[in-house]
Amino acid sequence: MELQYVVACLVTLFLGTVSMYFYLRTKENRKSSRLVRIYVDGCWDVMHSGHYNAIRQAKQLGDVLVVGVHSDAEIARHKREPVMNNQQRMAAVQACKWADEVVFDVPYAPSIQLLDKLNCDFVAHGDDVPIASDGKSAYHGVEHRLKIFRRTAGVSTTHLIERLLRAVKSDDEVSEQYDDASSDDVKSLHIETTSSWSTFLASSSRISAFSNNRTPTKDDVVVYIDGIFDLFHIGHIDALAKAKELGTFLYVGLYDDDTVRRRKGKFFPLMNLQERVLNVLSCKFVDDV
């Protein structure tokens, strides 16, 4: 009887140990398989490749990316009046292939309460952390949950607005000079100045990072659409969405800068070809360019 009792106790202890082992393993697996949620916000005004690269880099920091969009009023309170309205900016972010969830009317300065409400583990921003209207870092309250990525140099909304204003101003000043009777020197001067507005150059690795790395299969219905896609906006997005509905693989053709200049005028495009390619590749409806 004593031997049977001892054996029973050992068996119970063994089974308990095994059960605890598998419980702990299961718990650890559940913990390790939990999706990491990242939050990133912005004005996303006049969307450009720098914005899209920020969203792309933020997505790499976790599994699920939640993108916050500031309202017109919030932007005006902390920066300036936005060029594009709420609907236009929301549409641009919602069409981005790296955005898993989009939240509107978020505060300029994120808080722990906001991150917890959105069930986000971390907040992400470029290394150019903005200053709020109170003079403090907009991220001072979430620094222990802040992840930093590298800002994209060579492009910004401010630069794009400056290009547009310069184009309008220059057009008023030289419109009478630039005609069929103008000298070749005058025409060359305008081409040289406008084509050098953008200093942005995309490396092969950047273009590859934006690419879907997908080619059409024999079962795909391939659709082609082309255009300028300068200052990528809601009208472009709507056209791409409708084109994609016609098939399963969407090719987008973009005109080069010289072609755009001949068709649209000497001050266009405002974005060079590489900028425009990256913008289009960021759209979730596009498969290749």
# chains A, B, ... in the order shown; residues from 1 in each chain; ligands from 1

call {"tool": "closest_atom_pairs", "arguments": {"of": "region 92-149 of chain A", "to": "region 223-244 of chain A", "cutoff": "12 Å", "atoms": "only C-alpha atoms", "output": "CSV"}}
result
residue,atom,partner,partner_atom,distance
A:Ala92,CA,A:Ile234,CA,6.3
A:Val93,CA,A:Ile234,CA,10.0
A:Gln94,CA,A:Ile237,CA,10.0
A:Ala95,CA,A:Ile237,CA,7.2
A:Cys96,CA,A:Ile237,CA,9.8

call {"tool": "residues_around", "arguments": {"residues": "Gln274 (chain A)", "least_positions_apart": "3", "cutoff": "9 Å", "atoms": "only C-alpha atoms", "output": "ChimeraX atom specification"}}
result
/A:200-202,207,271,277-279

call {"tool": "select_by_dssp", "arguments": {"residues": "region 39-248 of chain A", "states": "helix (DSSP H, G or I)", "output": "PyMOL selection string"}}
result
chain A and resi 49-59+72-78+86-94+112-117+140-145+157-174+184-195+204-210+234-244

call {"tool": "write_last_selection", "arguments": {"atoms": "C-alpha atoms", "output": "PDB file, in the first residue's frame"}}
result
ATOM      1  CA  SER A  49       7.259  60.475 -51.017  1.00  0.00           C
ATOM      2  CA  GLY A  50       8.596  61.668 -47.658  1.00  0.00           C
ATOM      3  CA  HIS A  51       5.181  61.118 -46.079  1.00  0.00           C
ATOM      4  CA  TYR A  52       4.840  57.705 -47.668  1.00  0.00           C
ATOM      5  CA  ASN A  53       8.340  56.705 -46.633  1.00  0.00           C
ATOM      6  CA  ALA A  54       7.540  57.717 -43.053  1.00  0.00           C
ATOM      7  CA  ILE A  55       4.474  55.474 -43.070  1.00  0.00           C
ATOM      8  CA  ARG A  56       6.505  52.657 -44.625  1.00  0.00           C
ATOM      9  CA  GLN A  57       9.243  52.925 -42.003  1.00  0.00           C
ATOM     10  CA  ALA A  58       6.711  53.076 -39.172  1.00  0.00           C
ATOM     11  CA  LYS A  59       5.085  49.875 -40.454  1.00  0.00           C
ATOM     12  CA  ASP A  72      -7.885  71.109 -40.390  1.00  0.00           C
ATOM     13  CA  ALA A  73      -8.479  72.975 -37.122  1.00  0.00           C
ATOM     14  CA  GLU A  74      -5.726  71.081 -35.280  1.00  0.00           C
ATOM     15  CA  ILE A  75      -3.212  71.774 -38.051  1.00  0.00           C
ATOM     16  CA  ALA A  76      -4.085  75.481 -38.147  1.00  0.00           C
ATOM     17  CA  ARG A  77      -3.710  75.687 -34.366  1.00  0.00           C
ATOM     18  CA  HIS A  78      -0.174  74.305 -34.370  1.00  0.00           C
ATOM     19  CA  ASN A  86      -9.883  66.747 -44.189  1.00  0.00           C
ATOM     20  CA  GLN A  87     -11.495  64.556 -46.845  1.00  0.00           C
ATOM     21  CA  GLN A  88      -8.577  64.871 -49.272  1.00  0.00           C
ATOM     22  CA  ARG A  89      -5.936  64.094 -46.660  1.00  0.00           C
ATOM     23  CA  MET A  90      -7.897  61.162 -45.236  1.00  0.00           C
ATOM     24  CA  ALA A  91      -8.306  59.679 -48.713  1.00  0.00           C
ATOM     25  CA  ALA A  92      -4.564  59.919 -49.368  1.00  0.00           C
ATOM     26  CA  VAL A  93      -3.732  58.035 -46.160  1.00  0.00           C
ATOM     27  CA  GLN A  94      -6.478  55.432 -46.554  1.00  0.00           C
ATOM     28  CA  ILE A 112      -0.379  57.616 -23.299  1.00  0.00           C
ATOM     29  CA  GLN A 113      -4.157  57.665 -23.017  1.00  0.00           C
ATOM     30  CA  LEU A 114      -4.478  57.855 -26.807  1.00  0.00           C
ATOM     31  CA  LEU A 115      -2.029  54.987 -27.345  1.00  0.00           C
ATOM     32  CA  ASP A 116      -3.894  52.844 -24.833  1.00  0.00           C
ATOM     33  CA  LYS A 117      -7.253  53.717 -26.384  1.00  0.00           C
ATOM     34  CA  HIS A 140       7.325  64.739 -24.528  1.00  0.00           C
ATOM     35  CA  GLY A 141       4.510  62.800 -22.849  1.00  0.00           C
ATOM     36  CA  VAL A 142       5.206  59.525 -24.674  1.00  0.00           C
ATOM     37  CA  GLU A 143       8.999  59.485 -24.873  1.00  0.00           C
ATOM     38  CA  HIS A 144       9.315  56.082 -23.146  1.00  0.00           C
ATOM     39  CA  ARG A 145       7.099  54.551 -25.851  1.00  0.00           C
ATOM     40  CA  THR A 157       5.257  69.966 -48.096  1.00  0.00           C
ATOM     41  CA  THR A 158       6.803  73.388 -47.503  1.00  0.00           C
ATOM     42  CA  HIS A 159       9.133  72.913 -50.470  1.00  0.00           C
ATOM     43  CA  LEU A 160       6.257  71.840 -52.702  1.00  0.00           C
ATOM     44  CA  ILE A 161       4.207  74.904 -51.742  1.00  0.00           C
ATOM     45  CA  GLU A 162       7.230  77.106 -52.438  1.00  0.00           C
ATOM     46  CA  ARG A 163       7.629  75.542 -55.887  1.00  0.00           C
ATOM     47  CA  LEU A 164       3.982  76.192 -56.673  1.00  0.00           C
ATOM     48  CA  LEU A 165       4.163  79.821 -55.513  1.00  0.00           C
ATOM     49  CA  ARG A 166       7.363  80.407 -57.469  1.00  0.00           C
ATOM     50  CA  ALA A 167       5.766  78.911 -60.550  1.00  0.00           C
ATOM     51  CA  VAL A 168       2.774  81.250 -60.288  1.00  0.00           C
ATOM     52  CA  LYS A 169       4.975  84.281 -59.627  1.00  0.00           C
ATOM     53  CA  SER A 170       7.411  83.457 -62.409  1.00  0.00           C
ATOM     54  CA  ASP A 171       4.593  82.782 -64.843  1.00  0.00           C
ATOM     55  CA  ASP A 172       3.186  86.273 -64.258  1.00  0.00           C
ATOM     56  CA  GLU A 173       6.610  87.843 -64.780  1.00  0.00           C
ATOM     57  CA  VAL A 174       7.722  86.025 -67.925  1.00  0.00           C
ATOM     58  CA  ASP A 184      16.564  79.868 -77.322  1.00  0.00           C
ATOM     59  CA  ASP A 185      18.514  81.303 -74.372  1.00  0.00           C
ATOM     60  CA  VAL A 186      15.312  82.464 -72.649  1.00  0.00           C
ATOM     61  CA  LYS A 187      13.621  79.100 -73.191  1.00  0.00           C
ATOM     62  CA  SER A 188      16.674  77.211 -71.953  1.00  0.00           C
ATOM     63  CA  LEU A 189      16.800  79.352 -68.828  1.00  0.00           C
ATOM     64  CA  HIS A 190      13.230  78.426 -67.855  1.00  0.00           C
ATOM     65  CA  ILE A 191      13.832  74.734 -68.517  1.00  0.00           C
ATOM     66  CA  GLU A 192      16.997  74.742 -66.403  1.00  0.00           C
ATOM     67  CA  THR A 193      15.412  76.543 -63.449  1.00  0.00           C
ATOM     68  CA  THR A 194      12.166  74.594 -63.315  1.00  0.00           C
ATOM     69  CA  SER A 195      13.735  71.185 -63.879  1.00  0.00           C
ATOM     70  CA  SER A 204      17.540  51.779 -56.247  1.00  0.00           C
ATOM     71  CA  SER A 205      17.033  50.439 -52.719  1.00  0.00           C
ATOM     72  CA  ARG A 206      14.333  53.054 -52.028  1.00  0.00           C
ATOM     73  CA  ILE A 207      12.465  52.218 -55.211  1.00  0.00           C
ATOM     74  CA  SER A 208      12.804  48.517 -54.388  1.00  0.00           C
ATOM     75  CA  ALA A 209      11.435  49.123 -50.874  1.00  0.00           C
ATOM     76  CA  PHE A 210       8.350  50.777 -52.377  1.00  0.00           C
ATOM     77  CA  ILE A 234      -7.709  62.238 -54.315  1.00  0.00           C
ATOM     78  CA  GLY A 235      -8.561  62.515 -58.025  1.00  0.00           C
ATOM     79  CA  HIS A 236      -5.567  60.358 -58.926  1.00  0.00           C
ATOM     80  CA  ILE A 237      -6.512  57.843 -56.243  1.00  0.00           C
ATOM     81  CA  ASP A 238     -10.107  57.577 -57.475  1.00  0.00           C
ATOM     82  CA  ALA A 239      -8.910  56.989 -61.046  1.00  0.00           C
ATOM     83  CA  LEU A 240      -6.494  54.253 -59.927  1.00  0.00           C
ATOM     84  CA  ALA A 241      -9.175  52.580 -57.802  1.00  0.00           C
ATOM     85  CA  LYS A 242     -11.612  52.474 -60.735  1.00  0.00           C
ATOM     86  CA  ALA A 243      -8.907  51.183 -63.062  1.00  0.00           C
ATOM     87  CA  LYS A 244      -8.049  48.369 -60.638  1.00  0.00           C
TER      88      LYS A 244
END

call {"tool": "residues_around", "arguments": {"residues": "Lys136 (chain A)", "least_positions_apart": "5", "cutoff": "12 Å", "atoms": "only C-alpha atoms", "output": "PyMOL selection string"}}
result
chain A and resi 78+108-109+129-131+141

call {"tool": "write_last_selection", "arguments": {"atoms": "N, CA and C atoms", "output": "PDB file, in the first residue's frame"}}
result
ATOM      1  N   HIS A  78      -1.576  74.574 -34.679  1.00  0.00           N
ATOM      2  CA  HIS A  78      -0.174  74.305 -34.370  1.00  0.00           C
ATOM      3  C   HIS A  78       0.796  74.671 -35.486  1.00  0.00           C
ATOM      4  N   TYR A 108      -2.468  66.837 -31.882  1.00  0.00           N
ATOM      5  CA  TYR A 108      -1.133  67.082 -32.431  1.00  0.00           C
ATOM      6  C   TYR A 108      -0.068  66.455 -31.554  1.00  0.00           C
ATOM      7  N   ALA A 109      -0.305  66.477 -30.246  1.00  0.00           N
ATOM      8  CA  ALA A 109       0.625  65.862 -29.299  1.00  0.00           C
ATOM      9  C   ALA A 109       0.001  64.576 -28.765  1.00  0.00           C
ATOM     10  N   VAL A 129      11.394  65.578 -34.678  1.00  0.00           N
ATOM     11  CA  VAL A 129      10.223  65.651 -33.791  1.00  0.00           C
ATOM     12  C   VAL A 129       9.722  67.092 -33.710  1.00  0.00           C
ATOM     13  N   PRO A 130       8.434  67.326 -33.976  1.00  0.00           N
ATOM     14  CA  PRO A 130       7.899  68.695 -34.024  1.00  0.00           C
ATOM     15  C   PRO A 130       7.681  69.304 -32.638  1.00  0.00           C
ATOM     16  N   ILE A 131       7.554  70.624 -32.636  1.00  0.00           N
ATOM     17  CA  ILE A 131       7.259  71.382 -31.430  1.00  0.00           C
ATOM     18  C   ILE A 131       5.801  71.806 -31.475  1.00  0.00           C
ATOM     19  N   GLY A 141       5.282  63.628 -23.766  1.00  0.00           N
ATOM     20  CA  GLY A 141       4.510  62.800 -22.849  1.00  0.00           C
ATOM     21  C   GLY A 141       4.563  61.310 -23.150  1.00  0.00           C
TER      22      GLY A 141
END

call {"tool": "closest_residue", "arguments": {"among": "A:Glu81, A:Asp256, A:Asp287, A:Glu101", "to": "Asn213 (chain A)", "atoms": "only C-alpha atoms"}}
result
A:Asp287
